[in-house]
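Data file: model-v7.tsv. Format and content: TSV, C-alpha atoms and all ligand atoms.
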```tsv
chain	number	residue	atom	x	y	z
A	1359	MET	CA	33.70	-90.52	188.01
A	1360	ASN	CA	35.11	-92.24	184.96
A	1361	LYS	CA	31.97	-93.73	183.41
A	1362	ALA	CA	31.21	-92.88	179.78
A	1363	ASP	CA	27.89	-91.25	180.65
A	1364	VAL	CA	28.99	-88.76	183.32
A	1365	GLY	CA	27.41	-85.41	182.35
A	1366	ILE	CA	24.46	-86.94	180.49
A	1367	LYS	CA	21.04	-85.50	181.33
A	1368	ASN	CA	18.64	-87.74	179.45
A	1369	VAL	CA	18.54	-90.14	176.55
A	1370	LEU	CA	16.72	-88.80	173.48
A	1371	PHE	CA	17.08	-91.82	171.19
A	1372	SER	CA	17.95	-95.28	172.44
A	1373	ARG	CA	20.17	-97.74	170.60
A	1374	GLU	CA	17.01	-99.63	169.57
A	1375	GLN	CA	15.31	-96.51	168.18
A	1376	LEU	CA	18.46	-95.59	166.27
A	1377	THR	CA	18.84	-99.08	164.83
A	1378	GLN	CA	15.21	-99.11	163.70
A	1379	ARG	CA	15.35	-95.70	162.01
A	1380	ILE	CA	18.75	-96.29	160.39
A	1381	SER	CA	17.56	-99.56	158.88
A	1382	GLU	CA	14.52	-97.72	157.43
A	1383	MET	CA	16.83	-95.07	155.97
A	1384	GLY	CA	19.03	-97.78	154.45
A	1385	ARG	CA	15.98	-99.31	152.77
A	1386	GLU	CA	14.87	-95.91	151.43
A	1387	ILE	CA	18.34	-95.27	150.02
A	1388	THR	CA	18.45	-98.73	148.44
A	1389	GLU	CA	15.12	-98.08	146.69
A	1390	LEU	CA	16.15	-94.57	145.64
A	1391	TYR	CA	19.31	-95.64	143.86
A	1392	ALA	CA	18.42	-99.19	142.81
A	1393	SER	CA	17.62	-98.28	139.21
A	1394	SER	CA	20.30	-95.61	138.76
A	1395	PRO	CA	22.84	-96.29	136.01
A	1396	ASN	CA	25.50	-94.41	138.03
A	1397	LYS	CA	27.92	-95.62	140.67
A	1398	LEU	CA	27.00	-94.80	144.27
A	1399	LEU	CA	29.52	-92.91	146.39
A	1400	ILE	CA	28.82	-92.32	150.06
A	1401	ILE	CA	30.82	-89.50	151.61
A	1402	THR	CA	31.06	-89.09	155.36
A	1403	LEU	CA	32.60	-86.41	157.50
A	1404	LEU	CA	35.11	-87.28	160.17
A	1405	LYS	CA	34.73	-87.65	162.91
A	1406	GLY	CA	31.07	-87.37	163.96
A	1407	GLY	CA	29.52	-89.03	160.91
A	1408	VAL	CA	31.44	-92.26	161.25
A	1409	VAL	CA	29.19	-94.11	163.69
A	1410	PHE	CA	25.94	-93.34	161.83
A	1411	THR	CA	27.50	-94.12	158.46
A	1412	SER	CA	29.00	-97.40	159.56
A	1413	ASP	CA	25.52	-98.52	160.60
A	1414	LEU	CA	23.76	-97.02	157.57
A	1415	ILE	CA	25.95	-98.63	154.90
A	1416	ARG	CA	25.18	-102.07	156.33
A	1417	HIS	CA	21.52	-101.42	155.51
A	1418	ILE	CA	22.18	-100.35	151.92
A	1419	ASP	CA	21.79	-103.31	149.61
A	1420	LEU	CA	23.74	-101.86	146.66
A	1421	GLU	CA	27.32	-101.74	145.45
A	1422	CYS	CA	28.88	-98.56	146.80
A	1423	ARG	CA	32.15	-96.76	147.46
A	1424	VAL	CA	32.65	-95.05	150.83
A	1425	GLU	CA	34.97	-92.10	151.43
A	1426	PHE	CA	35.80	-90.28	154.65
A	1427	ILE	CA	36.58	-86.58	154.64
A	1428	LYS	CA	37.93	-84.42	157.42
A	1429	ALA	CA	35.84	-81.40	158.38
A	1430	SER	CA	35.76	-79.44	161.57
A	1431	SER	CA	34.08	-76.26	162.80
A	1432	TYR	CA	33.18	-76.62	166.47
A	1433	ALA	CA	34.92	-75.39	169.61
A	1434	GLY	CA	33.02	-76.75	172.64
A	1435	THR	CA	29.29	-76.38	171.94
A	1436	GLU	CA	29.53	-73.52	169.42
A	1437	SER	CA	30.23	-73.48	165.71
A	1438	THR	CA	33.21	-71.24	165.00
A	1439	GLY	CA	31.48	-70.24	161.74
A	1440	THR	CA	34.56	-71.29	159.79
A	1441	VAL	CA	34.31	-74.70	158.18
A	1442	ASN	CA	37.50	-76.46	157.16
A	1443	ILE	CA	36.99	-79.27	154.66
A	1444	TYR	CA	39.82	-81.24	153.08
A	1445	LEU	CA	38.82	-83.05	149.87
A	1446	PRO	CA	41.31	-85.71	148.79
A	1447	ARG	CA	42.71	-85.72	145.23
A	1448	GLU	CA	40.89	-88.93	144.33
A	1449	LEU	CA	37.62	-86.96	144.56
A	1450	ASP	CA	38.76	-84.34	142.02
A	1451	SER	CA	36.16	-85.63	139.55
A	1452	LEU	CA	32.81	-87.08	140.57
A	1453	GLU	CA	31.50	-87.70	137.05
A	1454	GLY	CA	29.62	-91.00	136.87
A	1455	TYR	CA	28.74	-90.93	140.57
A	1456	ASP	CA	25.55	-90.45	142.50
A	1457	VAL	CA	26.95	-88.88	145.65
A	1458	LEU	CA	25.23	-89.29	148.99
A	1459	ILE	CA	26.61	-87.35	151.94
A	1460	SER	CA	25.94	-89.23	155.15
A	1461	GLU	CA	26.29	-87.11	158.28
A	1462	ASP	CA	25.43	-87.18	161.97
A	1463	ILE	CA	23.82	-83.76	162.30
A	1464	ALA	CA	22.74	-80.63	160.43
A	1465	ASP	CA	22.89	-77.83	163.00
A	1466	THR	CA	23.76	-74.36	161.68
A	1467	GLY	CA	23.97	-76.01	158.24
A	1468	LEU	CA	27.32	-74.34	157.57
A	1469	THR	CA	29.31	-77.57	157.30
A	1470	LEU	CA	26.94	-79.36	154.95
A	1471	SER	CA	26.23	-76.38	152.71
A	1472	GLU	CA	29.99	-75.83	152.32
A	1473	LEU	CA	30.55	-79.52	151.58
A	1474	GLU	CA	27.71	-79.59	149.03
A	1475	LYS	CA	29.19	-76.52	147.32
A	1476	LYS	CA	32.63	-78.14	147.09
A	1477	LEU	CA	31.25	-81.44	145.81
A	1478	LEU	CA	29.01	-79.79	143.17
A	1479	GLU	CA	32.13	-78.16	141.68
A	1480	ARG	CA	33.31	-81.71	140.97
A	1481	LYS	CA	30.26	-82.44	138.82
A	1482	PRO	CA	28.56	-85.52	140.34
A	1483	GLU	CA	25.55	-86.98	138.46
A	1484	SER	CA	23.45	-86.29	141.56
A	1485	LEU	CA	24.04	-85.07	145.09
A	1486	ARG	CA	21.90	-85.76	148.16
A	1487	THR	CA	22.42	-85.57	151.90
A	1488	ALA	CA	21.18	-87.93	154.61
A	1489	VAL	CA	21.51	-86.85	158.23
A	1490	LEU	CA	20.69	-88.77	161.36
A	1491	LEU	CA	19.68	-85.62	163.25
A	1492	ASN	CA	18.32	-82.32	161.97
A	1493	LYS	CA	18.13	-79.18	164.10
A	1494	PRO	CA	16.38	-76.72	161.75
A	1495	SER	CA	15.91	-74.02	164.42
A	1496	ARG	CA	19.67	-73.29	164.44
A	1497	ARG	CA	20.30	-72.68	160.73
A	1498	ARG	CA	22.79	-69.99	159.77
A	1499	SER	CA	22.94	-71.17	156.19
A	1500	PRO	CA	19.95	-72.21	154.05
A	1501	PHE	CA	20.28	-75.98	153.97
A	1502	ASN	CA	17.73	-78.78	153.67
A	1503	PRO	CA	18.80	-82.40	154.00
A	1504	ASP	CA	17.13	-84.83	151.59
A	1505	MET	CA	16.75	-87.49	154.26
A	1506	VAL	CA	16.43	-87.06	158.02
A	1507	GLY	CA	16.51	-89.68	160.77
A	1508	PHE	CA	15.07	-87.48	163.51
A	1509	GLU	CA	14.24	-83.79	163.85
A	1510	ILE	CA	15.41	-82.39	167.20
A	1511	PRO	CA	14.88	-79.13	169.09
A	1512	ASP	CA	17.75	-76.80	170.05
A	1513	LEU	CA	19.49	-79.04	172.57
A	1514	PHE	CA	23.17	-79.86	172.74
A	1515	VAL	CA	23.29	-83.57	172.03
A	1516	VAL	CA	26.08	-86.10	172.24
A	1517	GLY	CA	26.65	-89.79	171.63
A	1518	PHE	CA	26.61	-92.09	168.61
A	1519	GLY	CA	29.53	-90.17	167.07
A	1520	LEU	CA	28.64	-86.71	168.39
A	1521	ASP	CA	31.05	-85.22	170.89
A	1522	TYR	CA	31.52	-82.53	173.47
A	1523	CYS	CA	35.21	-81.65	173.66
A	1524	GLU	CA	36.01	-85.00	172.01
A	1525	LYS	CA	34.08	-87.00	174.64
A	1526	TYR	CA	30.90	-89.10	174.41
A	1527	ARG	CA	31.30	-90.27	170.79
A	1528	ASN	CA	31.25	-93.86	172.03
A	1529	LEU	CA	27.83	-93.71	173.72
A	1530	PRO	CA	25.50	-96.13	171.90
A	1531	TYR	CA	22.57	-93.68	172.17
A	1532	ILE	CA	21.88	-89.97	171.54
A	1533	ALA	CA	21.56	-87.93	174.71
A	1534	GLU	CA	21.14	-84.40	175.93
A	1535	MET	CA	24.06	-83.05	177.92
A	1536	SER	CA	23.56	-81.65	181.36
A	1537	GLU	CA	24.15	-77.87	181.37
A	1538	GLU	CA	26.24	-78.11	184.52
A	1539	TYR	CA	28.87	-80.11	182.62
A	1540	ILE	CA	29.08	-77.71	179.67
A	1541	ASN	CA	32.02	-75.30	179.89
A	1542	LYS	CA	33.01	-76.82	183.25
A	1543	GLU	CA	36.16	-78.58	182.10
B	1601	LIG	C1	29.88	-81.45	163.76
B	1601	LIG	C2	29.01	-82.50	163.08
B	1601	LIG	C3	28.73	-81.89	161.72
B	1601	LIG	C4	28.75	-80.41	162.00
B	1601	LIG	C5	27.35	-79.90	161.98
B	1601	LIG	O1	31.20	-81.63	163.36
B	1601	LIG	O2	29.67	-83.73	162.97
B	1601	LIG	O3	29.74	-82.18	160.79
B	1601	LIG	O4	29.36	-80.22	163.27
B	1601	LIG	O5	27.28	-78.59	162.43
B	1601	LIG	P1	26.82	-77.35	161.55
B	1601	LIG	O6	25.55	-77.73	160.84
B	1601	LIG	O7	26.59	-76.28	162.60
B	1601	LIG	O8	27.92	-76.99	160.61
B	1601	LIG	P2	32.45	-80.93	164.06
B	1601	LIG	O9	32.82	-79.71	163.28
B	1601	LIG	O10	32.17	-80.72	165.51
B	1601	LIG	O11	33.58	-82.02	163.89
B	1601	LIG	P3	33.57	-83.56	164.38
B	1601	LIG	O12	32.63	-84.31	163.45
B	1601	LIG	O13	34.98	-84.01	164.23
B	1601	LIG	O14	33.08	-83.60	165.81
```
Reformat the file's structure so that it appears as structure tokens.
Ligand code: PRP
Amino acid sequence: MNKADVGIKNVLFSREQLTQRISEMGREITELYASSPNKLLIITLLKGGVVFTSDLIRHIDLECRVEFIKASSYAGTESTGTVNIYLPRELDSLEGYDVLISEDIADTGLTLSELEKKLLERKPESLRTAVLLNKPSRRRSPFNPDMVGFEIPDLFVVGFGLDYCEKYRNLPYIAEMSEEYINKE
């Protein structure tokens, strides 16, 4: 009972599907910013966004800076509704930067709308958000990502950076969790 996929119900997106879509997103981003006179800054949220972003940046054929920010709002499968975001001092001013937030999932939208608000206060030249997964049916805050890898229904998904109680981030695919394993720790 110590395999990485214990508790997984079914795979929604395979490693191959993810690779294909992320490379398309990288190409779109490259085209979008290719003629911009500004510097490109990609901001990712720890911890979930790391796996997607590390793949995505390798498909962006532009000079860019990458920053990792700590944010956290979930306890088990539910958003606590309180989003804690810690912006480092070196991001006090974003003048001269096109900022692209790269994130694993927009669920209630609370995390990304709070992050966008904080970043806009720092006056970037532009601000966009790319998410691998979008779950629009669960919004508690009006939020629309500029780029979406896949739209998903209201399922609790794990893998490829997404966790349940800190597990499953290392799965190379996105999967639905089996209900019988949720809240049965
Ligand atoms: C998850 C995920 C997003 C956020 C999305 O992070 O990585 O950042 O929730 O949910 P929302 O749209 O409902 O706000 P979490 O707070 O679980 O932290 P983690 O990335 O460290 O797992």
Can you work out which residues are within 9 Å of ligand LIG 1601 (chain B), considering only C-alpha atoms and all ligand atoms, and then hand them over as a compact mmCIF listing (two decimals) with C-alpha atoms, in the frame of the given file?
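Below is the file selection.txt, written as the result:
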```
# COMPACT_ATOMS: atom_id res chain seq x y z
CA THR A 1402 31.06 -89.09 155.36
CA LEU A 1403 32.60 -86.41 157.50
CA LEU A 1404 35.11 -87.28 160.17
CA LYS A 1405 34.73 -87.65 162.91
CA GLY A 1406 31.07 -87.37 163.96
CA GLY A 1407 29.52 -89.03 160.91
CA VAL A 1408 31.44 -92.26 161.25
CA LYS A 1428 37.93 -84.42 157.42
CA ALA A 1429 35.84 -81.40 158.38
CA SER A 1430 35.76 -79.44 161.57
CA SER A 1431 34.08 -76.26 162.80
CA TYR A 1432 33.18 -76.62 166.47
CA ALA A 1433 34.92 -75.39 169.61
CA GLY A 1434 33.02 -76.75 172.64
CA THR A 1435 29.29 -76.38 171.94
CA GLU A 1436 29.53 -73.52 169.42
CA SER A 1437 30.23 -73.48 165.71
CA THR A 1438 33.21 -71.24 165.00
CA GLY A 1439 31.48 -70.24 161.74
CA THR A 1440 34.56 -71.29 159.79
CA VAL A 1441 34.31 -74.70 158.18
CA ASN A 1442 37.50 -76.46 157.16
CA GLU A 1461 26.29 -87.11 158.28
CA ASP A 1462 25.43 -87.18 161.97
CA ILE A 1463 23.82 -83.76 162.30
CA ALA A 1464 22.74 -80.63 160.43
CA ASP A 1465 22.89 -77.83 163.00
CA THR A 1466 23.76 -74.36 161.68
CA GLY A 1467 23.97 -76.01 158.24
CA LEU A 1468 27.32 -74.34 157.57
CA THR A 1469 29.31 -77.57 157.30
CA LEU A 1470 26.94 -79.36 154.95
CA SER A 1471 26.23 -76.38 152.71
CA GLU A 1472 29.99 -75.83 152.32
CA ASN A 1492 18.32 -82.32 161.97
CA LYS A 1493 18.13 -79.18 164.10
CA ARG A 1496 19.67 -73.29 164.44
CA ARG A 1497 20.30 -72.68 160.73
CA ARG A 1498 22.79 -69.99 159.77
CA SER A 1499 22.94 -71.17 156.19
CA PHE A 1501 20.28 -75.98 153.97
CA GLY A 1519 29.53 -90.17 167.07
CA LEU A 1520 28.64 -86.71 168.39
CA ASP A 1521 31.05 -85.22 170.89
CA TYR A 1522 31.52 -82.53 173.47
CA CYS A 1523 35.21 -81.65 173.66
CA GLU A 1524 36.01 -85.00 172.01
CA ARG A 1527 31.30 -90.27 170.79
```
For the point (25.7, -85.7, 149.9) in file coordinates, what residues are within 12 Å, counting all atoms listed in the file? Give the answer as a PDB file with C-alpha atoms, in the coordinates of the input?
```
ATOM      1  CA  LEU A1398      27.000 -94.800 144.270  1.00  0.00           C
ATOM      2  CA  LEU A1399      29.520 -92.910 146.390  1.00  0.00           C
ATOM      3  CA  ILE A1400      28.820 -92.320 150.060  1.00  0.00           C
ATOM      4  CA  ILE A1401      30.820 -89.500 151.610  1.00  0.00           C
ATOM      5  CA  THR A1402      31.060 -89.090 155.360  1.00  0.00           C
ATOM      6  CA  LEU A1403      32.600 -86.410 157.500  1.00  0.00           C
ATOM      7  CA  VAL A1424      32.650 -95.050 150.830  1.00  0.00           C
ATOM      8  CA  GLU A1425      34.970 -92.100 151.430  1.00  0.00           C
ATOM      9  CA  ILE A1427      36.580 -86.580 154.640  1.00  0.00           C
ATOM     10  CA  LEU A1452      32.810 -87.080 140.570  1.00  0.00           C
ATOM     11  CA  TYR A1455      28.740 -90.930 140.570  1.00  0.00           C
ATOM     12  CA  ASP A1456      25.550 -90.450 142.500  1.00  0.00           C
ATOM     13  CA  VAL A1457      26.950 -88.880 145.650  1.00  0.00           C
ATOM     14  CA  LEU A1458      25.230 -89.290 148.990  1.00  0.00           C
ATOM     15  CA  ILE A1459      26.610 -87.350 151.940  1.00  0.00           C
ATOM     16  CA  SER A1460      25.940 -89.230 155.150  1.00  0.00           C
ATOM     17  CA  GLU A1461      26.290 -87.110 158.280  1.00  0.00           C
ATOM     18  CA  THR A1469      29.310 -77.570 157.300  1.00  0.00           C
ATOM     19  CA  LEU A1470      26.940 -79.360 154.950  1.00  0.00           C
ATOM     20  CA  SER A1471      26.230 -76.380 152.710  1.00  0.00           C
ATOM     21  CA  GLU A1472      29.990 -75.830 152.320  1.00  0.00           C
ATOM     22  CA  LEU A1473      30.550 -79.520 151.580  1.00  0.00           C
ATOM     23  CA  GLU A1474      27.710 -79.590 149.030  1.00  0.00           C
ATOM     24  CA  LYS A1475      29.190 -76.520 147.320  1.00  0.00           C
ATOM     25  CA  LYS A1476      32.630 -78.140 147.090  1.00  0.00           C
ATOM     26  CA  LEU A1477      31.250 -81.440 145.810  1.00  0.00           C
ATOM     27  CA  LEU A1478      29.010 -79.790 143.170  1.00  0.00           C
ATOM     28  CA  PRO A1482      28.560 -85.520 140.340  1.00  0.00           C
ATOM     29  CA  GLU A1483      25.550 -86.980 138.460  1.00  0.00           C
ATOM     30  CA  SER A1484      23.450 -86.290 141.560  1.00  0.00           C
ATOM     31  CA  LEU A1485      24.040 -85.070 145.090  1.00  0.00           C
ATOM     32  CA  ARG A1486      21.900 -85.760 148.160  1.00  0.00           C
ATOM     33  CA  THR A1487      22.420 -85.570 151.900  1.00  0.00           C
ATOM     34  CA  ALA A1488      21.180 -87.930 154.610  1.00  0.00           C
ATOM     35  CA  VAL A1489      21.510 -86.850 158.230  1.00  0.00           C
ATOM     36  CA  PHE A1501      20.280 -75.980 153.970  1.00  0.00           C
ATOM     37  CA  ASN A1502      17.730 -78.780 153.670  1.00  0.00           C
ATOM     38  CA  PRO A1503      18.800 -82.400 154.000  1.00  0.00           C
ATOM     39  CA  ASP A1504      17.130 -84.830 151.590  1.00  0.00           C
ATOM     40  CA  MET A1505      16.750 -87.490 154.260  1.00  0.00           C
TER      41      MET A1505
END
```
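Counting from CA of His1417 (chain A), the distance to CA of Thr1377 (chain A) is 10.0 Å.
Here the selection is built from only C-alpha atoms, and the residues within 10 Å of (24.0, -97.4, 155.1) turn out to be Ile1380, Ser1381, Glu1382, Met1383, Gly1384, Arg1385, Glu1386, Ile1387, Thr1388, Ile1400, Phe1410, Thr1411, Ser1412, Asp1413, Leu1414, Ile1415, Arg1416, His1417, Ile1418, Asp1419, Leu1420, Cys1422, Val1424, Ser1460 and Ala1488 of chain A.
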- Message: So the first atom is CA of Pro1530 (chain A) and the second is CA of Pro1494 (chain A); what is the distance between them in Å, to one decimal place?
- Response: 23.7 Å
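Here the question is which of A:Ile1540, A:Pro1500, A:Gly1517, A:Asn1396 gets nearest to Glu1453 (chain A) using only C-alpha atoms, and that residue is A:Asn1396.
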- Task: One decimal, Å: what's the distance from CA of Ser1394 (chain A) over to CA of Gly1454 (chain A), could you say?
- Result: 10.6 Å
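For the choices A:Glu1509, A:Leu1445, A:Phe1371, A:Val1409, the atom-to-atom distance to Asn1528 (chain A) is smallest for A:Val1409 when using all atoms listed in the file.
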Let me have the centre and edge lengths of the axis-aligned box enclosing all listed atoms of region 1436-1452 of chain A with 8 Å padding on every side, in Å to one decimal, as JSON.
```
{"center_x": 36.1, "center_y": -79.6, "center_z": 154.5, "size_x": 29.2, "size_y": 34.7, "size_z": 45.9}
```
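When all atoms listed in the file are used to compute distances to Leu1376 (chain A), the closest of the residues A:Leu1490, A:Val1515, A:Tyr1526, A:Ser1393 turns out to be A:Leu1490.
Minimum atom-to-atom distances from A:Phe1426, A:Lys1525, A:Gly1507, A:Asp1512 to Gln1375 (chain A) were compared using all atoms listed in the file, and the lowest value belongs to A:Gly1507.
Proximity to Ile1510 (chain A) was assessed for A:Leu1370, A:Ala1362, A:Ile1443, A:Leu1390 counting all atoms listed in the file; the smallest distance is recorded for A:Leu1370.
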